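Q: My structure file protein_39.cif, mmCIF, N, CA and C atoms, is below:
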```
data_target
#
loop_
_atom_site.label_atom_id
_atom_site.label_comp_id
_atom_site.auth_asym_id
_atom_site.auth_seq_id
_atom_site.Cartn_x
_atom_site.Cartn_y
_atom_site.Cartn_z
N MET Z 1 3.09 5.52 -9.01
CA MET Z 1 2.04 5.33 -8.04
C MET Z 1 2.54 5.71 -6.64
N ALA Z 2 3.79 5.41 -6.36
CA ALA Z 2 4.33 5.73 -5.04
C ALA Z 2 4.41 7.24 -4.83
N LEU Z 3 4.76 7.98 -5.89
CA LEU Z 3 4.77 9.44 -5.78
C LEU Z 3 3.38 9.99 -5.52
N PHE Z 4 2.38 9.39 -6.14
CA PHE Z 4 1.00 9.81 -5.93
C PHE Z 4 0.58 9.56 -4.49
N ILE Z 5 0.90 8.39 -3.96
CA ILE Z 5 0.53 8.06 -2.58
C ILE Z 5 1.25 8.95 -1.59
N SER Z 6 2.54 9.20 -1.81
CA SER Z 6 3.27 10.06 -0.88
C SER Z 6 2.78 11.50 -0.96
N GLY Z 7 2.48 11.98 -2.15
CA GLY Z 7 1.92 13.33 -2.29
C GLY Z 7 0.55 13.44 -1.65
N LEU Z 8 -0.26 12.40 -1.81
CA LEU Z 8 -1.58 12.40 -1.20
C LEU Z 8 -1.48 12.41 0.33
N ALA Z 9 -0.59 11.60 0.88
CA ALA Z 9 -0.41 11.57 2.34
C ALA Z 9 0.11 12.90 2.86
N PHE Z 10 1.04 13.50 2.13
CA PHE Z 10 1.60 14.78 2.54
C PHE Z 10 0.55 15.88 2.51
N LEU Z 11 -0.20 15.98 1.42
CA LEU Z 11 -1.21 17.03 1.30
C LEU Z 11 -2.38 16.82 2.27
N TRP Z 12 -2.77 15.57 2.50
CA TRP Z 12 -3.84 15.29 3.45
C TRP Z 12 -3.41 15.69 4.85
N THR Z 13 -2.16 15.41 5.20
CA THR Z 13 -1.65 15.79 6.52
C THR Z 13 -1.59 17.30 6.66
N LEU Z 14 -1.13 17.99 5.62
CA LEU Z 14 -1.10 19.45 5.68
C LEU Z 14 -2.49 20.04 5.79
N PHE Z 15 -3.45 19.43 5.11
CA PHE Z 15 -4.83 19.91 5.21
C PHE Z 15 -5.36 19.76 6.63
N PHE Z 16 -5.07 18.62 7.25
CA PHE Z 16 -5.50 18.41 8.64
C PHE Z 16 -4.75 19.36 9.57
N LEU Z 17 -3.46 19.54 9.35
CA LEU Z 17 -2.67 20.43 10.20
C LEU Z 17 -3.10 21.89 10.06
N SER Z 18 -3.69 22.26 8.94
CA SER Z 18 -4.13 23.64 8.76
C SER Z 18 -5.26 24.00 9.73
N PHE Z 19 -5.95 23.02 10.28
CA PHE Z 19 -6.96 23.29 11.29
C PHE Z 19 -6.35 23.41 12.68
N LEU Z 20 -5.13 22.99 12.82
CA LEU Z 20 -4.47 23.02 14.13
C LEU Z 20 -3.39 24.09 14.12
N VAL Z 21 -2.15 23.68 14.06
CA VAL Z 21 -1.01 24.59 14.06
C VAL Z 21 -0.14 24.19 12.88
N LEU Z 22 -0.11 25.00 11.85
CA LEU Z 22 0.72 24.69 10.68
C LEU Z 22 1.99 25.53 10.77
N THR Z 23 3.06 24.90 11.21
CA THR Z 23 4.34 25.58 11.32
C THR Z 23 5.30 24.99 10.30
N ARG Z 24 6.43 25.65 10.14
CA ARG Z 24 7.44 25.18 9.20
C ARG Z 24 7.98 23.82 9.64
N GLY Z 25 8.18 23.64 10.94
CA GLY Z 25 8.70 22.36 11.44
C GLY Z 25 7.76 21.20 11.20
N LEU Z 26 6.46 21.43 11.41
CA LEU Z 26 5.50 20.37 11.16
C LEU Z 26 5.37 20.07 9.67
N THR Z 27 5.51 21.10 8.84
CA THR Z 27 5.48 20.88 7.40
C THR Z 27 6.68 20.05 6.95
N VAL Z 28 7.84 20.34 7.48
CA VAL Z 28 9.04 19.56 7.16
C VAL Z 28 8.89 18.13 7.68
N ALA Z 29 8.35 17.97 8.89
CA ALA Z 29 8.15 16.63 9.44
C ALA Z 29 7.17 15.81 8.60
N ALA Z 30 6.11 16.45 8.12
CA ALA Z 30 5.15 15.75 7.26
C ALA Z 30 5.81 15.37 5.93
N GLY Z 31 6.64 16.25 5.41
CA GLY Z 31 7.36 15.93 4.17
C GLY Z 31 8.36 14.80 4.35
N LEU Z 32 9.07 14.81 5.48
CA LEU Z 32 10.02 13.73 5.76
C LEU Z 32 9.31 12.40 6.00
N ALA Z 33 8.10 12.46 6.56
CA ALA Z 33 7.34 11.23 6.76
C ALA Z 33 6.82 10.68 5.43
N ALA Z 34 6.60 11.56 4.45
CA ALA Z 34 6.11 11.11 3.14
C ALA Z 34 7.24 10.67 2.22
N LEU Z 35 8.45 11.08 2.51
CA LEU Z 35 9.57 10.77 1.62
C LEU Z 35 9.82 9.27 1.45
N PRO Z 36 9.83 8.46 2.53
CA PRO Z 36 10.02 7.02 2.31
C PRO Z 36 8.92 6.37 1.49
N LEU Z 37 7.71 6.94 1.53
CA LEU Z 37 6.64 6.40 0.69
C LEU Z 37 6.96 6.58 -0.78
N ALA Z 38 7.58 7.70 -1.12
CA ALA Z 38 7.94 7.97 -2.52
C ALA Z 38 9.15 7.14 -2.95
N LEU Z 39 10.06 6.89 -2.02
CA LEU Z 39 11.30 6.18 -2.37
C LEU Z 39 11.19 4.66 -2.23
N ALA Z 40 10.05 4.16 -1.80
CA ALA Z 40 9.90 2.72 -1.57
C ALA Z 40 10.15 1.87 -2.81
N PRO Z 41 9.75 2.28 -4.02
CA PRO Z 41 10.06 1.43 -5.18
C PRO Z 41 11.55 1.32 -5.47
N LEU Z 42 12.35 2.25 -4.98
CA LEU Z 42 13.79 2.21 -5.23
C LEU Z 42 14.54 1.32 -4.27
N ALA Z 43 14.04 1.19 -3.06
CA ALA Z 43 14.69 0.36 -2.04
C ALA Z 43 13.61 -0.46 -1.34
N GLN Z 44 13.67 -1.75 -1.50
CA GLN Z 44 12.63 -2.62 -1.00
C GLN Z 44 12.39 -2.54 0.51
N PRO Z 45 13.40 -2.35 1.36
CA PRO Z 45 13.11 -2.25 2.79
C PRO Z 45 12.23 -1.05 3.17
N LEU Z 46 12.16 -0.07 2.30
CA LEU Z 46 11.31 1.09 2.60
C LEU Z 46 9.83 0.77 2.49
N TYR Z 47 9.47 -0.38 1.93
CA TYR Z 47 8.06 -0.76 1.89
C TYR Z 47 7.51 -0.98 3.29
N LEU Z 48 8.37 -1.21 4.25
CA LEU Z 48 7.94 -1.32 5.64
C LEU Z 48 7.31 -0.01 6.12
N TRP Z 49 7.72 1.10 5.50
CA TRP Z 49 7.19 2.40 5.90
C TRP Z 49 5.70 2.52 5.61
N TYR Z 50 5.17 1.75 4.64
CA TYR Z 50 3.75 1.76 4.37
C TYR Z 50 2.96 1.23 5.58
N ALA Z 51 3.57 0.37 6.36
CA ALA Z 51 2.92 -0.12 7.58
C ALA Z 51 3.12 0.83 8.75
N LEU Z 52 4.26 1.50 8.80
CA LEU Z 52 4.57 2.37 9.94
C LEU Z 52 4.09 3.81 9.78
N SER Z 53 3.90 4.26 8.56
CA SER Z 53 3.58 5.67 8.35
C SER Z 53 2.25 6.10 8.96
N PRO Z 54 1.20 5.28 9.01
CA PRO Z 54 -0.01 5.75 9.70
C PRO Z 54 0.23 6.09 11.17
N LEU Z 55 1.06 5.30 11.83
CA LEU Z 55 1.39 5.59 13.23
C LEU Z 55 2.19 6.89 13.35
N VAL Z 56 3.12 7.10 12.43
CA VAL Z 56 3.92 8.33 12.44
C VAL Z 56 3.04 9.55 12.19
N TYR Z 57 2.12 9.44 11.24
CA TYR Z 57 1.20 10.55 10.97
C TYR Z 57 0.27 10.80 12.15
N LEU Z 58 -0.18 9.74 12.82
CA LEU Z 58 -1.02 9.91 14.00
C LEU Z 58 -0.28 10.65 15.10
N VAL Z 59 0.97 10.27 15.34
CA VAL Z 59 1.77 10.95 16.36
C VAL Z 59 1.99 12.41 15.97
N LEU Z 60 2.24 12.67 14.70
CA LEU Z 60 2.43 14.05 14.23
C LEU Z 60 1.17 14.89 14.43
N LEU Z 61 0.02 14.33 14.11
CA LEU Z 61 -1.23 15.07 14.27
C LEU Z 61 -1.57 15.28 15.74
N VAL Z 62 -1.33 14.27 16.57
CA VAL Z 62 -1.60 14.42 18.01
C VAL Z 62 -0.66 15.45 18.61
N TYR Z 63 0.59 15.47 18.17
CA TYR Z 63 1.52 16.48 18.66
C TYR Z 63 1.04 17.89 18.30
N ALA Z 64 0.57 18.06 17.07
CA ALA Z 64 0.07 19.37 16.66
C ALA Z 64 -1.17 19.76 17.46
N ALA Z 65 -2.06 18.80 17.70
CA ALA Z 65 -3.27 19.09 18.48
C ALA Z 65 -2.94 19.32 19.95
N SER Z 66 -1.87 18.69 20.44
CA SER Z 66 -1.52 18.87 21.85
C SER Z 66 -1.01 20.28 22.13
N ARG Z 67 -0.55 20.95 21.11
CA ARG Z 67 -0.10 22.33 21.31
C ARG Z 67 -1.27 23.27 21.58
N ILE Z 68 -2.48 22.85 21.22
CA ILE Z 68 -3.67 23.65 21.46
C ILE Z 68 -4.47 23.12 22.64
N TYR Z 69 -4.66 21.80 22.70
CA TYR Z 69 -5.58 21.21 23.66
C TYR Z 69 -4.90 20.42 24.78
N GLY Z 70 -3.62 20.18 24.72
CA GLY Z 70 -2.97 19.28 25.66
C GLY Z 70 -2.94 17.88 25.05
N TRP Z 71 -2.16 17.00 25.66
CA TRP Z 71 -1.96 15.68 25.05
C TRP Z 71 -3.23 14.84 25.01
N LEU Z 72 -3.94 14.74 26.12
CA LEU Z 72 -5.12 13.87 26.16
C LEU Z 72 -6.23 14.40 25.26
N TRP Z 73 -6.55 15.68 25.39
CA TRP Z 73 -7.62 16.24 24.57
C TRP Z 73 -7.18 16.39 23.12
N GLY Z 74 -5.90 16.55 22.88
CA GLY Z 74 -5.40 16.57 21.51
C GLY Z 74 -5.58 15.22 20.84
N PHE Z 75 -5.32 14.16 21.59
CA PHE Z 75 -5.55 12.81 21.07
C PHE Z 75 -7.03 12.61 20.77
N PHE Z 76 -7.89 13.04 21.68
CA PHE Z 76 -9.33 12.91 21.45
C PHE Z 76 -9.79 13.75 20.27
N PHE Z 77 -9.17 14.91 20.07
CA PHE Z 77 -9.52 15.74 18.91
C PHE Z 77 -9.19 15.03 17.61
N VAL Z 78 -8.00 14.47 17.52
CA VAL Z 78 -7.58 13.81 16.28
C VAL Z 78 -8.42 12.56 16.03
N VAL Z 79 -8.57 11.72 17.04
CA VAL Z 79 -9.34 10.50 16.85
C VAL Z 79 -10.81 10.82 16.58
N GLY Z 80 -11.36 11.81 17.30
CA GLY Z 80 -12.74 12.21 17.05
C GLY Z 80 -12.95 12.78 15.67
N SER Z 81 -12.00 13.57 15.19
CA SER Z 81 -12.11 14.12 13.84
C SER Z 81 -12.07 13.01 12.79
N LEU Z 82 -11.19 12.04 12.99
CA LEU Z 82 -11.10 10.95 12.02
C LEU Z 82 -12.34 10.07 12.04
N TRP Z 83 -12.89 9.80 13.24
CA TRP Z 83 -14.10 9.00 13.32
C TRP Z 83 -15.29 9.73 12.72
N LEU Z 84 -15.39 11.04 12.99
CA LEU Z 84 -16.48 11.81 12.41
C LEU Z 84 -16.33 11.89 10.88
N HIS Z 85 -15.10 11.98 10.42
CA HIS Z 85 -14.82 11.98 8.99
C HIS Z 85 -15.32 10.69 8.34
N LEU Z 86 -15.02 9.56 8.97
CA LEU Z 86 -15.48 8.27 8.44
C LEU Z 86 -16.99 8.15 8.52
N ALA Z 87 -17.59 8.66 9.58
CA ALA Z 87 -19.05 8.59 9.71
C ALA Z 87 -19.73 9.44 8.63
N LEU Z 88 -19.17 10.60 8.33
CA LEU Z 88 -19.74 11.43 7.27
C LEU Z 88 -19.58 10.77 5.91
N MET Z 89 -18.43 10.13 5.68
CA MET Z 89 -18.25 9.40 4.42
C MET Z 89 -19.25 8.24 4.30
N ALA Z 90 -19.49 7.54 5.41
CA ALA Z 90 -20.47 6.44 5.39
C ALA Z 90 -21.88 6.99 5.15
N LEU Z 91 -22.20 8.15 5.74
CA LEU Z 91 -23.50 8.76 5.51
C LEU Z 91 -23.67 9.17 4.05
N LEU Z 92 -22.64 9.76 3.48
CA LEU Z 92 -22.71 10.13 2.06
C LEU Z 92 -22.83 8.89 1.16
N ASN Z 93 -22.18 7.82 1.55
CA ASN Z 93 -22.29 6.58 0.80
C ASN Z 93 -23.71 6.03 0.87
N TRP Z 94 -24.30 6.10 2.04
CA TRP Z 94 -25.66 5.60 2.22
C TRP Z 94 -26.65 6.46 1.45
N LEU Z 95 -26.45 7.79 1.51
CA LEU Z 95 -27.36 8.70 0.80
C LEU Z 95 -27.24 8.56 -0.72
N SER Z 96 -26.05 8.21 -1.20
CA SER Z 96 -25.86 8.08 -2.65
C SER Z 96 -26.17 6.68 -3.16
N GLY Z 97 -26.57 5.79 -2.30
CA GLY Z 97 -26.90 4.44 -2.73
C GLY Z 97 -25.68 3.59 -3.04
N GLY Z 98 -24.57 3.85 -2.39
CA GLY Z 98 -23.36 3.06 -2.58
C GLY Z 98 -22.44 3.58 -3.66
N PHE Z 99 -22.71 4.78 -4.16
CA PHE Z 99 -21.89 5.33 -5.24
C PHE Z 99 -20.46 5.60 -4.77
N VAL Z 100 -20.31 6.03 -3.52
CA VAL Z 100 -18.96 6.32 -2.99
C VAL Z 100 -18.16 5.03 -2.88
N MET Z 101 -18.77 3.97 -2.40
CA MET Z 101 -18.04 2.71 -2.28
C MET Z 101 -17.68 2.14 -3.65
N SER Z 102 -18.53 2.34 -4.63
CA SER Z 102 -18.18 1.85 -5.97
C SER Z 102 -16.98 2.63 -6.51
N ALA Z 103 -16.90 3.92 -6.18
CA ALA Z 103 -15.73 4.70 -6.61
C ALA Z 103 -14.48 4.24 -5.88
N LEU Z 104 -14.60 3.90 -4.62
CA LEU Z 104 -13.43 3.42 -3.87
C LEU Z 104 -13.02 2.03 -4.31
N HIS Z 105 -13.96 1.19 -4.73
CA HIS Z 105 -13.61 -0.15 -5.20
C HIS Z 105 -12.87 -0.11 -6.54
N VAL Z 106 -13.20 0.87 -7.36
CA VAL Z 106 -12.47 1.01 -8.63
C VAL Z 106 -11.02 1.36 -8.33
N GLY Z 107 -10.81 2.14 -7.26
CA GLY Z 107 -9.45 2.53 -6.89
C GLY Z 107 -8.93 3.60 -7.82
N PHE Z 108 -7.64 3.67 -7.92
CA PHE Z 108 -7.01 4.65 -8.80
C PHE Z 108 -6.55 3.97 -10.08
N ASP Z 109 -7.51 3.38 -10.78
CA ASP Z 109 -7.24 2.69 -12.03
C ASP Z 109 -6.85 3.71 -13.10
N VAL Z 110 -5.86 3.36 -13.87
CA VAL Z 110 -5.36 4.28 -14.89
C VAL Z 110 -6.41 4.57 -15.95
N TYR Z 111 -7.24 3.60 -16.27
CA TYR Z 111 -8.19 3.75 -17.35
C TYR Z 111 -9.54 4.30 -16.90
N GLU Z 112 -9.76 4.40 -15.61
CA GLU Z 112 -11.01 4.94 -15.09
C GLU Z 112 -10.68 6.09 -14.15
N ARG Z 113 -10.77 7.29 -14.65
CA ARG Z 113 -10.39 8.48 -13.89
C ARG Z 113 -11.58 9.23 -13.31
N TRP Z 114 -12.80 8.78 -13.50
CA TRP Z 114 -13.96 9.50 -12.99
C TRP Z 114 -14.01 9.53 -11.48
N ASN Z 115 -13.41 8.53 -10.84
CA ASN Z 115 -13.56 8.41 -9.40
C ASN Z 115 -12.55 9.25 -8.62
N VAL Z 116 -11.44 9.62 -9.20
CA VAL Z 116 -10.42 10.36 -8.46
C VAL Z 116 -10.93 11.73 -8.01
N PRO Z 117 -11.55 12.55 -8.87
CA PRO Z 117 -12.09 13.81 -8.38
C PRO Z 117 -13.22 13.61 -7.36
N LEU Z 118 -14.02 12.57 -7.57
CA LEU Z 118 -15.10 12.30 -6.62
C LEU Z 118 -14.56 11.95 -5.24
N ILE Z 119 -13.57 11.07 -5.19
CA ILE Z 119 -13.00 10.66 -3.91
C ILE Z 119 -12.32 11.83 -3.22
N THR Z 120 -11.54 12.60 -3.96
CA THR Z 120 -10.82 13.71 -3.32
C THR Z 120 -11.78 14.81 -2.87
N ALA Z 121 -12.81 15.09 -3.64
CA ALA Z 121 -13.78 16.12 -3.24
C ALA Z 121 -14.55 15.68 -1.99
N LEU Z 122 -15.02 14.45 -1.98
CA LEU Z 122 -15.76 13.98 -0.81
C LEU Z 122 -14.86 13.84 0.41
N ASP Z 123 -13.64 13.38 0.21
CA ASP Z 123 -12.71 13.22 1.32
C ASP Z 123 -12.36 14.57 1.93
N SER Z 124 -12.04 15.53 1.11
CA SER Z 124 -11.66 16.84 1.64
C SER Z 124 -12.84 17.56 2.28
N SER Z 125 -14.03 17.44 1.68
CA SER Z 125 -15.18 18.14 2.25
C SER Z 125 -15.63 17.52 3.57
N THR Z 126 -15.60 16.20 3.67
CA THR Z 126 -15.98 15.58 4.95
C THR Z 126 -14.91 15.79 6.01
N LEU Z 127 -13.64 15.82 5.61
CA LEU Z 127 -12.59 16.12 6.60
C LEU Z 127 -12.73 17.55 7.08
N TYR Z 128 -13.03 18.47 6.18
CA TYR Z 128 -13.23 19.87 6.57
C TYR Z 128 -14.41 19.99 7.55
N ALA Z 129 -15.52 19.35 7.21
CA ALA Z 129 -16.69 19.42 8.09
C ALA Z 129 -16.41 18.80 9.46
N SER Z 130 -15.72 17.66 9.49
CA SER Z 130 -15.44 17.02 10.77
C SER Z 130 -14.49 17.86 11.62
N CYS Z 131 -13.50 18.49 11.00
CA CYS Z 131 -12.58 19.34 11.77
C CYS Z 131 -13.28 20.59 12.29
N VAL Z 132 -14.18 21.16 11.51
CA VAL Z 132 -14.92 22.33 11.97
C VAL Z 132 -15.81 21.96 13.15
N VAL Z 133 -16.49 20.83 13.06
CA VAL Z 133 -17.36 20.39 14.15
C VAL Z 133 -16.54 20.12 15.41
N MET Z 134 -15.41 19.45 15.25
CA MET Z 134 -14.58 19.15 16.44
C MET Z 134 -13.98 20.41 17.03
N ARG Z 135 -13.62 21.38 16.21
CA ARG Z 135 -13.11 22.66 16.74
C ARG Z 135 -14.18 23.35 17.58
N LYS Z 136 -15.43 23.30 17.11
CA LYS Z 136 -16.52 23.92 17.87
C LYS Z 136 -16.79 23.16 19.17
N LEU Z 137 -16.68 21.84 19.13
CA LEU Z 137 -16.90 21.05 20.34
C LEU Z 137 -15.77 21.24 21.36
N PHE Z 138 -14.56 21.44 20.89
CA PHE Z 138 -13.40 21.54 21.77
C PHE Z 138 -13.00 22.99 22.05
N ARG Z 139 -13.85 23.93 21.72
CA ARG Z 139 -13.51 25.34 21.89
C ARG Z 139 -13.17 25.69 23.34
N LYS Z 140 -13.89 25.08 24.30
CA LYS Z 140 -13.63 25.37 25.71
C LYS Z 140 -12.35 24.74 26.22
N ARG Z 141 -11.80 23.80 25.48
CA ARG Z 141 -10.59 23.09 25.91
C ARG Z 141 -9.30 23.77 25.45
N GLU Z 142 -9.41 24.81 24.64
CA GLU Z 142 -8.21 25.47 24.11
C GLU Z 142 -7.43 26.12 25.24
N ARG Z 143 -6.11 26.08 25.09
CA ARG Z 143 -5.25 26.69 26.10
C ARG Z 143 -5.20 28.18 25.94
#
```
Have the structure of the file written as structure tokens, please.

A:
Amino acid sequence: MALFISGLAFLWTLFFLSFLVLTRGLTVAAGLAALPLALAPLAQPLYLWYALSPLVYLVLLVYAASRIYGWLWGFFFVVGSLWLHLALMALLNWLSGGFVMSALHVGFDVYERWNVPLITALDSSTLYASCVVMRKLFRKRER
């Protein structure tokens, strides 16, 4: 399960970075940030990384966005993209009558695999849409 979570965090970060600046250094940094998530079952103190990794990923994404928009507008781009992503997921949940939330409540249960493709498809499509919208809104802010 830890390998799945670390792979998911790594790929989600790379997907978000592909809208900004995807360089070799940022790819290595995203991989190094995901590594303690994978190794946490082997060493118990690494479970602390589950609490710290969202902050590390936020700093990594803001740094990548700051290379295009500057620090302040880069921060607004990342936070705005994430908020729009959540708003689109909530809209899809409302339109489907709560089907998305029922898939998220099941979680990644070993015996119920119907929800994993649904969650990943909806998550990636809403993240893509939110990043495209934010890129269009922030077009005038590019350096």

Q: May I have the protein, DNA and RNA residues with any atom at most 12 Å from the point (0.1, 15.9, 1.3), counting only C-alpha atoms, written as number ranges by chain?

A: Z: 3-18, 27-35, 37-38, 57, 124

Q: Do you have the atom CA of Leu58 of chain Z-atom CA of Phe77 of chain Z distance handy?

A: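 Calculated distance between atom CA of Leu58 of chain Z and atom CA of Phe77 of chain Z is 11.4 Å.
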
Q: Please report the interatomic distance between atom CA of Glu142 of chain Z and atom CA of Ser130 of chain Z in Å with one decimal.

A: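 Computing it gives 17.4 Å between the two atoms.
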
Q: Go through segment 17-130 of chain Z and collect every residue that DSSP, computed from the backbone, puts in helix (DSSP H, G or I); the answer should be as JSON, numbers by chain.

A: {"Z": [17, 24, 25, 26, 27, 28, 29, 30, 31, 32, 33, 34, 35, 36, 37, 38, 39, 44, 45, 46, 47, 48, 49, 50, 51, 52, 53, 54, 55, 56, 57, 58, 59, 60, 61, 62, 63, 64, 65, 66, 67, 68, 69, 71, 72, 73, 74, 75, 76, 77, 78, 79, 80, 81, 82, 83, 84, 85, 86, 87, 88, 89, 90, 91, 92, 93, 94, 95, 99, 100, 101, 102, 103, 104, 105, 106, 115, 116, 117, 118, 119, 120, 121, 122, 123, 124, 125, 126, 127, 128, 129, 130]}

Q: Find the distance between atom N of Gly74 of chain Z and atom C of Leu92 of chain Z and write it in Å to one decimal.

A: 28.6 Å

Q: Which residues, named as in the file, does the PyMOL selection byres (((chain Z and resi 21 and name CA) around 8) and name CA) pick out? Answer as a list in words.

A: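 Evaluating the PyMOL selection byres (((chain Z and resi 21 and name CA) around 8) and name CA) on this file yields Leu17, Ser18, Phe19, Leu20, Leu22, Thr23, Ala64, Ala65, Arg67 and Ile68 of chain Z.
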
Q: Would you translate the PyMOL selection byres ((chain Z and resi 141) around 8) into the concrete set of residues it matches in this file, as a count of residues only?

A: 10

Q: Tell me which of Z:Leu60, Z:Ser53, Z:Gly80, Z:Leu26 sits closest to Arg135 of chain Z, counting only C-alpha atoms.

A: Z:Gly80
